[in-house]
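Peer 1: Data file model.cif (mmCIF, C-alpha atoms) is appended below.
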```cif
data_final
loop_
_atom_site.label_atom_id
_atom_site.label_comp_id
_atom_site.auth_asym_id
_atom_site.auth_seq_id
_atom_site.Cartn_x
_atom_site.Cartn_y
_atom_site.Cartn_z
CA MET A 1128 -3.54 -8.26 -5.47
CA GLU A 1129 -1.35 -9.02 -2.49
CA ASN A 1130 0.17 -6.75 0.18
CA ALA A 1131 -2.07 -3.82 -0.75
CA ASN A 1132 -2.49 -0.88 1.62
CA PHE A 1133 -6.07 0.36 1.85
CA LEU A 1134 -7.22 3.60 3.44
CA VAL A 1135 -10.81 3.40 4.73
CA VAL A 1136 -12.30 6.83 5.42
CA GLU A 1137 -15.58 6.52 7.38
CA ASP A 1138 -17.02 8.27 10.40
CA SER A 1139 -19.19 5.27 11.31
CA PRO A 1140 -17.22 2.62 13.25
CA THR A 1141 -19.71 -0.03 12.09
CA MET A 1142 -19.11 0.74 8.42
CA ARG A 1143 -15.35 1.02 8.95
CA GLN A 1144 -15.34 -2.43 10.48
CA LEU A 1145 -17.60 -3.84 7.79
CA ILE A 1146 -15.46 -2.49 4.93
CA SER A 1147 -12.27 -3.62 6.67
CA PHE A 1148 -13.83 -7.06 7.12
CA SER A 1149 -14.46 -7.30 3.35
CA LEU A 1150 -10.92 -6.11 2.55
CA LYS A 1151 -9.44 -8.98 4.51
CA ARG A 1152 -10.16 -11.15 1.48
CA PHE A 1153 -7.09 -9.60 -0.13
CA LYS A 1154 -4.02 -11.50 0.99
CA ASN A 1155 -1.80 -9.57 3.43
CA ALA A 1156 -3.90 -6.44 3.03
CA LYS A 1157 -3.06 -3.60 5.41
CA ILE A 1158 -6.07 -1.54 6.40
CA ILE A 1159 -5.56 1.98 7.66
CA GLU A 1160 -8.63 3.73 9.04
CA ALA A 1161 -9.51 7.41 9.11
CA VAL A 1162 -12.61 9.04 10.61
CA ASP A 1163 -12.88 12.01 8.21
CA GLY A 1164 -11.15 13.80 5.32
CA VAL A 1165 -8.60 15.64 7.48
CA ASP A 1166 -7.65 12.44 9.27
CA ALA A 1167 -7.34 10.73 5.86
CA LEU A 1168 -4.92 13.41 4.57
CA LYS A 1169 -2.79 12.88 7.67
CA LYS A 1170 -2.70 9.14 7.04
CA LEU A 1171 -1.87 9.74 3.37
CA SER A 1172 1.19 11.74 4.34
CA GLY A 1173 2.29 8.98 6.72
CA PRO A 1174 4.88 6.26 6.10
CA ASP A 1175 2.50 3.77 4.43
CA LYS A 1176 2.14 3.99 0.67
CA ILE A 1177 -1.61 3.79 0.04
CA ASP A 1178 -2.74 1.70 -2.93
CA LEU A 1179 -6.45 2.51 -2.78
CA ILE A 1180 -8.75 4.87 -0.89
CA LEU A 1181 -12.34 3.99 0.08
CA THR A 1182 -14.25 6.99 1.34
CA ASP A 1183 -17.70 7.94 2.56
CA ILE A 1184 -19.16 11.30 1.49
CA ASN A 1185 -21.02 12.56 4.54
CA MET A 1186 -18.47 13.02 7.30
CA PRO A 1187 -17.78 15.75 9.84
CA VAL A 1188 -14.76 18.11 9.60
CA MET A 1189 -14.05 17.31 5.92
CA ASP A 1190 -16.39 15.36 3.64
CA GLY A 1191 -15.44 12.73 1.08
CA LEU A 1192 -15.91 14.92 -1.99
CA LYS A 1193 -13.48 17.52 -0.67
CA LEU A 1194 -11.02 14.73 0.10
CA VAL A 1195 -11.30 13.35 -3.46
CA SER A 1196 -10.68 16.77 -4.98
CA LEU A 1197 -7.66 17.46 -2.70
CA VAL A 1198 -6.13 14.06 -3.47
CA ARG A 1199 -6.51 14.66 -7.20
CA GLN A 1200 -4.80 18.06 -6.90
CA ASN A 1201 -1.83 16.61 -5.06
CA ALA A 1202 1.04 15.60 -7.37
CA GLN A 1203 2.13 12.71 -5.15
CA LEU A 1204 -1.31 11.32 -4.46
CA LYS A 1205 -3.28 12.02 -7.62
CA ASN A 1206 -2.88 8.55 -9.11
CA ILE A 1207 -4.29 6.62 -6.14
CA PRO A 1208 -7.59 4.96 -7.11
CA ILE A 1209 -10.55 6.19 -5.05
CA ILE A 1210 -13.86 4.45 -4.40
CA ILE A 1211 -16.72 6.45 -2.93
CA ILE A 1212 -19.04 4.41 -0.68
CA THR A 1213 -22.11 6.36 0.32
CA THR A 1214 -25.81 6.41 1.14
CA GLU A 1215 -26.27 9.10 -1.56
CA GLY A 1216 -27.63 7.05 -4.43
CA ALA A 1217 -28.92 9.75 -6.80
CA GLU A 1218 -27.45 9.79 -10.31
CA GLU A 1219 -26.31 13.43 -9.94
CA ASP A 1220 -24.36 12.52 -6.77
CA ARG A 1221 -22.68 9.68 -8.63
CA GLU A 1222 -21.81 11.95 -11.56
CA ARG A 1223 -20.47 14.61 -9.20
CA GLY A 1224 -18.27 12.12 -7.37
CA LEU A 1225 -16.87 10.67 -10.59
CA ALA A 1226 -16.38 14.13 -12.09
CA LEU A 1227 -14.27 15.12 -9.09
CA GLY A 1228 -11.98 12.20 -9.86
CA ALA A 1229 -13.30 9.16 -8.01
CA ASN A 1230 -12.74 5.92 -9.94
CA ALA A 1231 -15.86 4.15 -8.70
CA TYR A 1232 -19.03 4.98 -6.81
CA ILE A 1233 -20.80 2.38 -4.66
CA SER A 1234 -24.13 3.02 -2.96
CA LYS A 1235 -24.94 1.60 0.49
CA PRO A 1236 -25.97 -0.95 1.60
CA ILE A 1237 -22.84 -2.48 0.11
CA GLN A 1238 -22.52 -6.01 -1.21
CA SER A 1239 -19.13 -7.37 -0.27
CA SER A 1240 -18.75 -9.25 -3.58
CA HIS A 1241 -19.41 -6.06 -5.57
CA LEU A 1242 -16.86 -4.15 -3.51
CA ILE A 1243 -14.22 -6.86 -3.98
CA LYS A 1244 -14.86 -6.99 -7.74
CA THR A 1245 -14.56 -3.20 -8.07
CA ILE A 1246 -11.31 -3.12 -6.07
CA SER A 1247 -9.84 -6.03 -8.05
CA GLU A 1248 -10.62 -4.26 -11.33
CA LEU A 1249 -9.06 -1.01 -10.16
CA LEU A 1250 -5.92 -2.62 -8.81
CA ALA A 1251 -5.45 -4.85 -11.86
CA VAL A 1252 -4.95 -1.86 -14.16
CA MET B 236 -18.71 -44.98 -112.44
CA THR B 237 -19.97 -48.41 -113.44
CA GLU B 238 -22.40 -50.50 -111.47
CA GLU B 239 -19.57 -52.90 -110.57
CA SER B 240 -17.20 -50.33 -109.14
CA LYS B 241 -20.11 -48.85 -107.14
CA ALA B 242 -20.76 -52.30 -105.60
CA GLU B 243 -17.06 -52.74 -104.77
CA LYS B 244 -16.92 -49.38 -103.08
CA PHE B 245 -20.07 -50.15 -101.11
CA LEU B 246 -18.62 -53.54 -100.07
CA GLU B 247 -15.40 -51.92 -98.99
CA LEU B 248 -17.35 -49.36 -96.94
CA PHE B 249 -19.50 -52.08 -95.48
CA ASN B 250 -16.44 -54.10 -94.46
CA LYS B 251 -14.89 -51.06 -92.77
CA GLY B 252 -18.18 -50.52 -90.92
CA LYS B 253 -18.27 -54.11 -89.87
CA GLU B 254 -14.70 -53.98 -88.58
CA PHE B 255 -15.44 -50.81 -86.65
CA THR B 256 -18.60 -52.32 -85.14
CA GLU B 257 -16.72 -55.47 -84.14
CA GLU B 258 -14.02 -53.40 -82.58
CA LEU B 259 -16.64 -51.41 -80.65
CA LEU B 260 -18.25 -54.61 -79.44
CA ARG B 261 -14.89 -55.92 -78.25
CA GLU B 262 -14.16 -52.68 -76.43
CA ASN B 263 -17.60 -52.79 -74.86
CA GLN B 264 -17.01 -56.34 -73.73
CA ARG B 265 -13.63 -55.40 -72.29
CA LEU B 266 -15.10 -52.44 -70.36
CA ARG B 267 -17.98 -54.56 -68.99
CA TYR B 268 -15.42 -57.05 -67.77
CA ARG B 269 -13.34 -54.33 -66.09
CA LEU B 270 -16.42 -52.81 -64.47
CA ALA B 271 -17.50 -56.15 -63.13
CA ALA B 272 -13.98 -56.77 -61.85
CA SER B 273 -13.71 -53.41 -60.10
CA GLU B 274 -17.17 -53.82 -58.55
CA THR B 275 -16.13 -57.18 -57.15
CA GLU B 276 -12.88 -55.66 -55.86
CA GLN B 277 -14.59 -52.72 -54.05
CA LYS B 278 -17.60 -54.46 -52.60
CA PRO B 279 -16.98 -55.17 -48.90
CA ALA B 280 -17.87 -58.44 -47.39
CA PRO B 281 -21.44 -58.55 -45.92
CA ASP B 282 -20.19 -59.10 -42.33
CA GLU B 283 -17.93 -56.06 -42.65
CA VAL B 284 -20.91 -53.95 -43.72
CA GLN B 285 -22.83 -55.14 -40.69
CA LYS B 286 -19.87 -54.34 -38.47
CA LEU B 287 -19.70 -50.81 -39.85
CA ARG B 288 -23.45 -50.38 -39.43
CA ASP B 289 -23.20 -51.50 -35.81
CA GLN B 290 -20.36 -49.09 -35.27
CA ILE B 291 -22.46 -46.24 -36.67
CA VAL B 292 -25.34 -47.13 -34.32
CA HIS B 293 -22.92 -47.35 -31.40
CA LEU B 294 -21.29 -44.01 -32.22
CA THR B 295 -24.67 -42.32 -32.69
CA GLU B 296 -25.75 -43.60 -29.28
CA GLU B 297 -22.51 -42.47 -27.71
CA ASN B 298 -22.89 -39.06 -29.32
CA LYS B 299 -26.39 -38.83 -27.86
CA ARG B 300 -25.13 -39.87 -24.45
CA ILE B 301 -22.35 -37.26 -24.57
CA HIS B 302 -24.88 -34.60 -25.55
CA GLU B 303 -27.10 -35.59 -22.64
CA ARG B 304 -24.16 -35.58 -20.22
CA PHE B 305 -23.07 -32.20 -21.55
CA SER B 306 -26.56 -30.77 -20.96
CA ALA B 307 -26.63 -32.30 -17.46
CA ILE B 308 -23.22 -30.81 -16.64
CA GLU B 309 -24.32 -27.47 -18.03
CA GLU B 310 -27.37 -27.56 -15.74
CA GLU B 311 -25.20 -28.60 -12.82
CA ASN B 312 -22.86 -25.74 -13.62
CA LYS B 313 -25.75 -23.29 -13.57
CA ASP B 314 -26.83 -24.69 -10.21
CA PHE B 315 -23.31 -24.25 -8.85
CA ALA B 316 -23.18 -20.68 -10.15
CA ASN B 317 -26.51 -19.89 -8.47
CA ARG B 318 -25.38 -21.60 -5.29
CA TYR B 319 -22.18 -19.57 -5.39
CA ILE B 320 -24.19 -16.35 -5.61
CA GLU B 321 -26.39 -17.50 -2.72
CA ILE B 322 -23.34 -18.36 -0.60
CA GLU B 323 -21.78 -15.00 -1.43
CA GLU B 324 -24.98 -13.33 -0.29
CA GLN B 325 -25.09 -15.40 2.90
CA ASN B 326 -21.45 -14.64 3.51
CA ASN B 327 -22.20 -10.95 3.12
CA ASN B 328 -25.11 -11.18 5.53
CA LEU B 329 -23.07 -13.10 8.07
CA ALA B 330 -20.35 -10.46 7.85
CA ASN B 331 -22.99 -7.75 8.32
CA LEU B 332 -24.47 -9.58 11.26
CA TYR B 333 -21.08 -10.26 12.83
CA VAL B 334 -19.99 -6.62 12.54
CA ALA B 335 -23.37 -5.31 13.71
CA SER B 336 -23.52 -7.56 16.77
CA TYR B 337 -19.87 -6.86 17.56
CA GLN B 338 -20.52 -3.12 17.48
CA LEU B 339 -23.81 -3.37 19.38
CA HIS B 340 -22.23 -5.30 22.23
CA SER B 341 -19.03 -3.24 22.30
CA THR B 342 -20.41 -0.63 24.67
CA LEU B 343 -22.74 -0.29 27.65
CA ASP B 344 -23.41 3.38 27.03
CA PHE B 345 -27.11 3.74 26.18
CA ARG B 346 -26.67 6.73 23.79
CA GLU B 347 -23.80 5.00 22.04
CA VAL B 348 -25.85 1.83 21.57
CA ILE B 349 -28.70 3.86 20.06
CA GLN B 350 -26.20 5.61 17.77
CA ILE B 351 -24.91 2.19 16.59
CA VAL B 352 -28.47 0.95 15.97
CA GLN B 353 -29.06 4.04 13.82
CA GLU B 354 -25.84 3.42 11.86
CA ILE B 355 -26.87 -0.19 11.27
CA VAL B 356 -30.36 0.72 10.09
CA ILE B 357 -28.96 3.30 7.65
CA ASN B 358 -25.91 1.41 6.37
CA LEU B 359 -26.94 -2.23 6.51
CA ILE B 360 -30.71 -2.12 6.11
CA GLY B 361 -30.62 0.89 3.79
CA ALA B 362 -33.23 3.07 5.49
CA GLU B 363 -33.54 6.80 4.92
CA ALA B 364 -36.38 7.60 7.31
CA PHE B 365 -36.91 5.52 10.44
CA ALA B 366 -37.64 5.69 14.15
CA ILE B 367 -36.52 3.65 17.14
CA LEU B 368 -39.32 3.43 19.68
CA LEU B 369 -39.07 2.06 23.23
CA LEU B 370 -41.94 0.79 25.31
CA ASP B 371 -42.61 2.53 28.60
CA GLU B 372 -43.88 -0.36 30.69
CA LYS B 373 -45.50 1.95 33.25
CA THR B 374 -47.68 3.78 30.72
CA ASN B 375 -47.75 1.01 28.10
CA GLU B 376 -46.77 3.55 25.47
CA LEU B 377 -44.27 3.34 22.63
CA LYS B 378 -42.23 6.52 22.24
CA THR B 379 -39.56 7.64 19.78
CA ILE B 380 -36.13 7.76 21.36
CA ALA B 381 -34.18 8.27 18.12
CA SER B 382 -35.11 8.96 14.52
CA GLU B 383 -33.78 9.93 11.13
CA GLY B 384 -35.53 11.58 8.17
CA GLU B 385 -37.77 14.24 9.73
CA ASP B 386 -37.89 15.93 6.32
CA VAL B 387 -39.42 12.80 4.77
CA MET B 388 -41.79 11.97 7.63
CA PRO B 389 -42.66 14.98 9.79
CA ASN B 390 -43.12 14.35 13.55
CA ILE B 391 -41.18 11.10 13.28
CA ASP B 392 -39.29 12.21 16.41
CA GLN B 393 -42.47 12.59 18.46
CA ILE B 394 -44.32 9.32 17.90
CA SER B 395 -46.34 8.10 20.84
CA ILE B 396 -48.52 5.02 20.44
CA ARG B 397 -50.36 2.91 22.98
CA LEU B 398 -49.57 -0.81 23.11
CA GLY B 399 -52.00 -2.64 20.83
CA ASP B 400 -53.07 0.46 18.86
CA GLY B 401 -52.57 0.47 15.10
CA VAL B 402 -49.87 -1.35 13.18
CA MET B 403 -47.01 -0.45 15.50
CA GLY B 404 -49.01 -1.05 18.68
CA GLN B 405 -49.88 -4.52 17.35
CA VAL B 406 -46.25 -5.26 16.43
CA ALA B 407 -45.22 -4.40 20.00
CA LYS B 408 -48.10 -6.41 21.46
CA THR B 409 -47.74 -9.55 19.34
CA GLY B 410 -43.99 -9.46 18.76
CA GLU B 411 -44.58 -10.16 15.06
CA SER B 412 -42.78 -8.12 12.38
CA TYR B 413 -44.78 -6.08 9.89
CA TYR B 414 -43.87 -5.30 6.28
CA VAL B 415 -46.09 -3.19 4.08
CA ASN B 416 -45.68 -5.45 1.03
CA GLN B 417 -46.95 -8.37 3.12
CA ASP B 418 -50.05 -6.43 4.06
CA ILE B 419 -53.18 -8.34 3.13
CA ASP B 420 -55.76 -5.60 3.57
CA GLY B 421 -55.14 -4.29 0.04
CA ASP B 422 -53.86 -0.95 1.29
CA SER B 423 -50.23 -1.86 0.75
CA GLY B 424 -49.01 1.36 -0.86
CA SER B 425 -49.74 3.96 1.79
CA VAL B 426 -47.15 4.82 4.40
CA SER B 427 -48.02 7.18 7.23
CA ILE B 428 -46.62 8.04 10.65
CA ASP B 429 -48.66 5.25 12.28
CA LYS B 430 -48.29 2.84 9.35
CA PRO B 431 -44.63 2.44 8.41
CA GLN B 432 -43.15 0.45 5.55
CA ALA B 433 -41.75 -2.01 8.06
CA ALA B 434 -41.89 -2.45 11.81
CA VAL B 435 -39.68 -4.98 13.56
CA PRO B 436 -40.04 -5.61 17.29
CA LEU B 437 -37.05 -5.25 19.58
CA LYS B 438 -37.55 -8.32 21.73
CA ILE B 439 -35.55 -10.37 24.16
CA LYS B 440 -37.00 -13.85 23.82
CA GLU B 441 -40.72 -13.04 23.95
CA HIS B 442 -40.37 -9.80 25.88
CA VAL B 443 -40.88 -6.80 23.58
CA ILE B 444 -38.98 -3.68 24.68
CA GLY B 445 -39.70 -1.53 21.63
CA LEU B 446 -39.53 -1.54 17.85
CA ILE B 447 -37.79 -0.13 14.81
CA ALA B 448 -40.13 1.47 12.27
CA ILE B 449 -38.92 2.16 8.74
CA TYR B 450 -40.76 4.79 6.70
CA LYS B 451 -38.57 5.14 3.64
CA LEU B 452 -35.71 3.18 2.13
CA LEU B 453 -32.70 4.80 0.47
CA GLN B 454 -33.28 5.91 -3.11
CA GLN B 455 -31.11 3.10 -4.51
CA LYS B 456 -32.99 0.42 -2.58
CA ASP B 457 -36.37 -0.34 -4.18
CA SER B 458 -37.76 -2.77 -1.64
CA PHE B 459 -36.88 -5.32 1.00
CA SER B 460 -35.38 -8.51 -0.38
CA ALA B 461 -36.05 -11.95 1.07
CA VAL B 462 -32.78 -11.95 3.01
CA ASP B 463 -33.49 -8.49 4.42
CA TYR B 464 -36.39 -9.83 6.49
CA GLU B 465 -34.16 -12.38 8.18
CA LEU B 466 -31.24 -10.02 8.61
CA PHE B 467 -33.48 -7.25 9.96
CA SER B 468 -35.03 -9.59 12.57
CA LEU B 469 -31.62 -10.89 13.67
CA LEU B 470 -30.23 -7.37 13.94
CA ALA B 471 -33.30 -6.29 15.91
CA ALA B 472 -32.75 -9.14 18.35
CA HIS B 473 -29.13 -8.06 18.91
CA ALA B 474 -30.18 -4.42 19.15
CA ALA B 475 -32.81 -5.29 21.75
CA THR B 476 -30.30 -7.07 24.00
CA ALA B 477 -27.78 -4.27 23.60
CA ILE B 478 -30.37 -1.56 24.35
CA PHE B 479 -31.73 -3.47 27.34
CA SER B 480 -28.27 -4.18 28.80
CA SER B 481 -27.12 -0.60 28.40
CA LYS B 482 -30.35 0.67 29.96
CA LEU B 483 -29.92 -1.66 32.94
CA TYR B 484 -26.29 -0.64 33.23
CA SER B 485 -27.06 3.08 33.23
CA GLN B 486 -29.84 2.49 35.81
CA SER B 487 -27.48 0.51 38.05
CA GLU B 488 -24.80 3.19 37.60
CA ARG B 489 -27.32 5.84 38.69
CA LYS B 490 -28.34 3.74 41.70
CA LEU B 491 -24.71 3.14 42.60
CA ASN B 492 -24.02 6.86 42.44
CA THR B 493 -27.01 7.56 44.67
CA ILE B 494 -25.93 4.94 47.20
CA GLN B 495 -22.36 6.22 47.07
CA SER B 496 -23.55 9.79 47.64
CA PHE B 497 -25.71 8.59 50.52
CA LEU B 498 -22.79 6.69 52.05
CA ASP B 499 -20.53 9.74 51.62
CA LEU B 500 -23.14 11.86 53.34
CA LEU B 501 -23.41 9.38 56.20
CA THR B 502 -19.62 9.23 56.58
CA THR B 503 -19.27 13.00 56.67
CA THR B 504 -22.14 13.52 59.12
CA SER B 505 -20.91 10.83 61.47
#
```
Please, can you express the file's structure as structure tokens?
Peer 2:
Amino acid sequence: MENANFLVVEDSPTMRQLISFSLKRFKNAKIIEAVDGVDALKKLSGPDKIDLILTDINMPVMDGLKLVSLVRQNAQLKNIPIIIITTEGAEEDRERGLALGANAYISKPIQSSHLIKTISELLAV
Amino acid sequence: MTEESKAEKFLELFNKGKEFTEELLRENQRLRYRLAASETEQKPAPDEVQKLRDQIVHLTEENKRIHERFSAIEEENKDFANRYIEIEEQNNNLANLYVASYQLHSTLDFREVIQIVQEIVINLIGAEAFAILLLDEKTNELKTIASEGEDVMPNIDQISIRLGDGVMGQVAKTGESYYVNQDIDGDSGSVSIDKPQAAVPLKIKEHVIGLIAIYKLLQQKDSFSAVDYELFSLLAAHAATAIFSSKLYSQSERKLNTIQSFLDLLTTTS
């Protein structure tokens, strides 16, 4: 997938940089960063058409689960693939995230190769 | 029927039988001849047979060689696949290390550095409950300056251990990392406030300034992997430098402020 626009929603600058670093494997990828759900919604209404959202769950102001549910309710945004990347590794958390409409759920610490594979599969559809 | 006509009939029958037998014998002879002729026609020359036999041996050997080469290539392929996975893992670790060190050295604010160390321990090491302890060189005591997971390990935020005491005191004294699954005293399962799952010294060269103690890993992470040990030590080394630099910087900032205030006071009084 070339020229994809990714939205990385993370309150931790370290994780934002780490995820962005992994996404650079996609040719001409544009990485837009947001620090929480509210910031992400602002970026989603901006000029860049987002191809995929990667979001953490635990964030201040608005968490990742709320963001997923708002994106899925929005007619213009509802088809954007969403990957949840979180420290919450319990099965019920995973089920909850997927039930809200996330396409994939990755537990931290992340393996770059796993993240790339998941993104490639989602964008190939 | 008279005796004479009976004899004539018998003779006639006998002659017919004789003719038939002769004819059969001729046919037999003819077929034998044809068989012999066709056998002679189809039988290859002895040197041709040998040539074909040699070819069979050669092809069988070549087939065996190809099979062996195929197995060797298959093995080589497996090695490459494993190597690829290893390189991917190393690549991942290098990226982690690069990002972590970049973040750690991006600020001189002590609280910010500690916050980054916490983020790294949670997100890259995969710890749920942990404490960052710094050594007070005046009292020779290790004290918690930041922690996570008080619900898992009560009093994690109030640890105070003398240098050389217990597992953590020894880690700070010797500068050697400790991992519970490397414990040789047979008590490898128990984790308590003074005996964490892992303790890695924060050291600048041989000078220990504190340690990171991990009490519980995230639910999805069963144990430390081989690469974790290396990554954890490297991250701790970067964290130590960043913590030390930021501490020195804040101390020098405080001193500068004091001197500045003193100079201001002198200027105003004169």
Peer 1: Which residue, A:Ala1156, A:Leu1242, A:Leu1192, A:Ala1202, has the smallest gap to chain B when you use all atoms listed in the file?
Peer 2: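 Of the candidates, the smallest distance to chain B is held by A:Leu1242.
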Peer 1: What does the distance from CA of Glu385 in chain B to CA of Arg346 in chain B come to in Å, to one decimal?
Peer 2: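 So the two atoms, CA of Glu385 in chain B and CA of Arg346 in chain B, lie 19.4 Å apart.
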Peer 1: I need the chain A residues near chain B as an MDAnalysis selection string; criterion: at most 9 Å, counting all atoms listed in the file.
Peer 2: chainID A and resid 1139:1142 1144:1145 1148:1149 1213:1217 1234:1240
Peer 1: Which residues come within 7 Å of range 1160-1169 of chain A, counting all atoms listed in the file, excluding same-chain residues fewer than 3 positions away, as a PyMOL selection string?
Peer 2: chain A and resi 1134-1138+1172-1173+1186-1191+1194
Peer 1: Have a look at CA of Leu1150 in chain A and CA of Thr476 in chain B and let me know their distance in Å, one decimal.
Peer 2: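 Computing it gives 28.9 Å between the two atoms.
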Peer 1: Might you spell out which residues the PyMOL selection byres ((chain B and resi 472) around 9) would select in the displayed file, as a short mmCIF file (atom, residue, chain, number, x, y, z; two decimals) with C-alpha atoms, in the coordinates of the input?
Peer 2:
```
data_model
loop_
_atom_site.label_atom_id
_atom_site.label_comp_id
_atom_site.auth_asym_id
_atom_site.auth_seq_id
_atom_site.Cartn_x
_atom_site.Cartn_y
_atom_site.Cartn_z
CA PRO B 436 -40.04 -5.61 17.29
CA LEU B 437 -37.05 -5.25 19.58
CA LYS B 438 -37.55 -8.32 21.73
CA ILE B 439 -35.55 -10.37 24.16
CA LYS B 440 -37.00 -13.85 23.82
CA PHE B 467 -33.48 -7.25 9.96
CA SER B 468 -35.03 -9.59 12.57
CA LEU B 469 -31.62 -10.89 13.67
CA LEU B 470 -30.23 -7.37 13.94
CA ALA B 471 -33.30 -6.29 15.91
CA HIS B 473 -29.13 -8.06 18.91
CA ALA B 474 -30.18 -4.42 19.15
CA ALA B 475 -32.81 -5.29 21.75
CA THR B 476 -30.30 -7.07 24.00
CA ALA B 477 -27.78 -4.27 23.60
#
```
Peer 1: If you measure from CA of Ile394 in chain B to CA of Leu368 in chain B, what distance in Å do you get, rounded to one decimal?
Peer 2: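 Taking CA of Ile394 in chain B as the start and CA of Leu368 in chain B as the end point, the length is 7.9 Å.
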Peer 1: Need to verify the contact set: Leu1250 in chain A, 8 Å, only C-alpha atoms, exclusion of same-chain residues closer than 5 positions in sequence. Can you return it as a list in words?
Peer 2: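 The neighbour list is Met1128, Asp1178, Leu1179 and Pro1208 of chain A.
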Peer 1: Point out the residue among A:Leu1197, A:Asp1175, A:Ile1159, A:Ile1146 with the least atom-to-atom distance to Ile1212 in chain A, counting only C-alpha atoms.
Peer 2: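 Using only C-alpha atoms, Ile1212 in chain A sits closest to A:Ile1146.
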Peer 1: How would you write as a ChimeraX atom specification the residues that get within 12 Å of (-5.0, 14.9, -10.5) in the file's frame, counting all atoms listed in the file?
Peer 2: /A:1195-1209,1226-1230
Peer 1: List the residues matched by the PyMOL selection byres ((chain B and resi 391-393) around 7) in the displayed structure as a list in words, ordered by chain and then by residue number.
Peer 2: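 Given this file, the PyMOL selection byres ((chain B and resi 391-393) around 7) evaluates to Ala366, Thr379, Ala381, Ser382, Glu385, Met388, Pro389, Asn390, Ile394, Ser395 and Ile428 of chain B.
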Peer 1: Padding 6 Å on every side, please: axis-aligned box over the listed atoms of range 263-271 of chain B, centre and edge lengths to one decimal in Å, as AutoDock Vina command-line options.
Peer 2:
```
--center_x -15.7 --center_y -54.7 --center_z -69.0 --size_x 16.6 --size_y 16.6 --size_z 23.7
```
Peer 1: Take the PyMOL selection byres ((chain B and resi 411) around 12), apply it to the structure above, and return the hits as a ChimeraX atom specification.
Peer 2: /B:402-410,412-414,433-438,441-443,445-446,464,468,471
Peer 1: Smallest atom-to-atom distance to Lys451 in chain B: which of B:Asn263, B:Asn312, B:Gln432, B:Ser427, using all atoms listed in the file?
Peer 2: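 Closest residue, counting all atoms listed in the file: B:Gln432.
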Peer 1: Restricted to N, CA, C and O atoms, what does range 301-310 of chain B look like when written out as a PDB file, in the first residue's frame?
Peer 2:
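The result, stored in out.pdb:
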```pdb
ATOM      1  N   ILE B 301      19.982 -35.019  -6.904  1.00  0.00           N
ATOM      2  CA  ILE B 301      18.973 -33.939  -6.935  1.00  0.00           C
ATOM      3  C   ILE B 301      18.164 -33.945  -5.638  1.00  0.00           C
ATOM      4  O   ILE B 301      17.891 -32.901  -5.054  1.00  0.00           O
ATOM      5  N   HIS B 302      17.832 -35.171  -5.172  1.00  0.00           N
ATOM      6  CA  HIS B 302      17.087 -35.289  -3.914  1.00  0.00           C
ATOM      7  C   HIS B 302      17.882 -34.694  -2.755  1.00  0.00           C
ATOM      8  O   HIS B 302      17.341 -33.967  -1.918  1.00  0.00           O
ATOM      9  N   GLU B 303      19.188 -35.027  -2.747  1.00  0.00           N
ATOM     10  CA  GLU B 303      20.056 -34.520  -1.674  1.00  0.00           C
ATOM     11  C   GLU B 303      20.154 -32.991  -1.731  1.00  0.00           C
ATOM     12  O   GLU B 303      20.086 -32.320  -0.714  1.00  0.00           O
ATOM     13  N   ARG B 304      20.304 -32.478  -2.948  1.00  0.00           N
ATOM     14  CA  ARG B 304      20.419 -31.023  -3.133  1.00  0.00           C
ATOM     15  C   ARG B 304      19.124 -30.335  -2.697  1.00  0.00           C
ATOM     16  O   ARG B 304      19.141 -29.285  -2.056  1.00  0.00           O
ATOM     17  N   PHE B 305      18.012 -30.984  -3.056  1.00  0.00           N
ATOM     18  CA  PHE B 305      16.701 -30.450  -2.698  1.00  0.00           C
ATOM     19  C   PHE B 305      16.568 -30.362  -1.172  1.00  0.00           C
ATOM     20  O   PHE B 305      16.139 -29.333  -0.634  1.00  0.00           O
ATOM     21  N   SER B 306      16.984 -31.457  -0.498  1.00  0.00           N
ATOM     22  CA  SER B 306      16.905 -31.460   0.975  1.00  0.00           C
ATOM     23  C   SER B 306      17.798 -30.380   1.557  1.00  0.00           C
ATOM     24  O   SER B 306      17.414 -29.683   2.501  1.00  0.00           O
ATOM     25  N   ALA B 307      19.018 -30.248   0.962  1.00  0.00           N
ATOM     26  CA  ALA B 307      19.958 -29.228   1.454  1.00  0.00           C
ATOM     27  C   ALA B 307      19.373 -27.828   1.284  1.00  0.00           C
ATOM     28  O   ALA B 307      19.448 -27.000   2.194  1.00  0.00           O
ATOM     29  N   ILE B 308      18.756 -27.597   0.115  1.00  0.00           N
ATOM     30  CA  ILE B 308      18.174 -26.271  -0.157  1.00  0.00           C
ATOM     31  C   ILE B 308      16.994 -26.009   0.779  1.00  0.00           C
ATOM     32  O   ILE B 308      16.814 -24.902   1.288  1.00  0.00           O
ATOM     33  N   GLU B 309      16.253 -27.095   1.034  1.00  0.00           N
ATOM     34  CA  GLU B 309      15.109 -26.954   1.950  1.00  0.00           C
ATOM     35  C   GLU B 309      15.599 -26.539   3.345  1.00  0.00           C
ATOM     36  O   GLU B 309      15.026 -25.655   3.979  1.00  0.00           O
ATOM     37  N   GLU B 310      16.681 -27.179   3.784  1.00  0.00           N
ATOM     38  CA  GLU B 310      17.276 -26.857   5.085  1.00  0.00           C
ATOM     39  C   GLU B 310      17.771 -25.412   5.108  1.00  0.00           C
ATOM     40  O   GLU B 310      17.547 -24.671   6.064  1.00  0.00           O
TER      41      GLU B 310
END
```
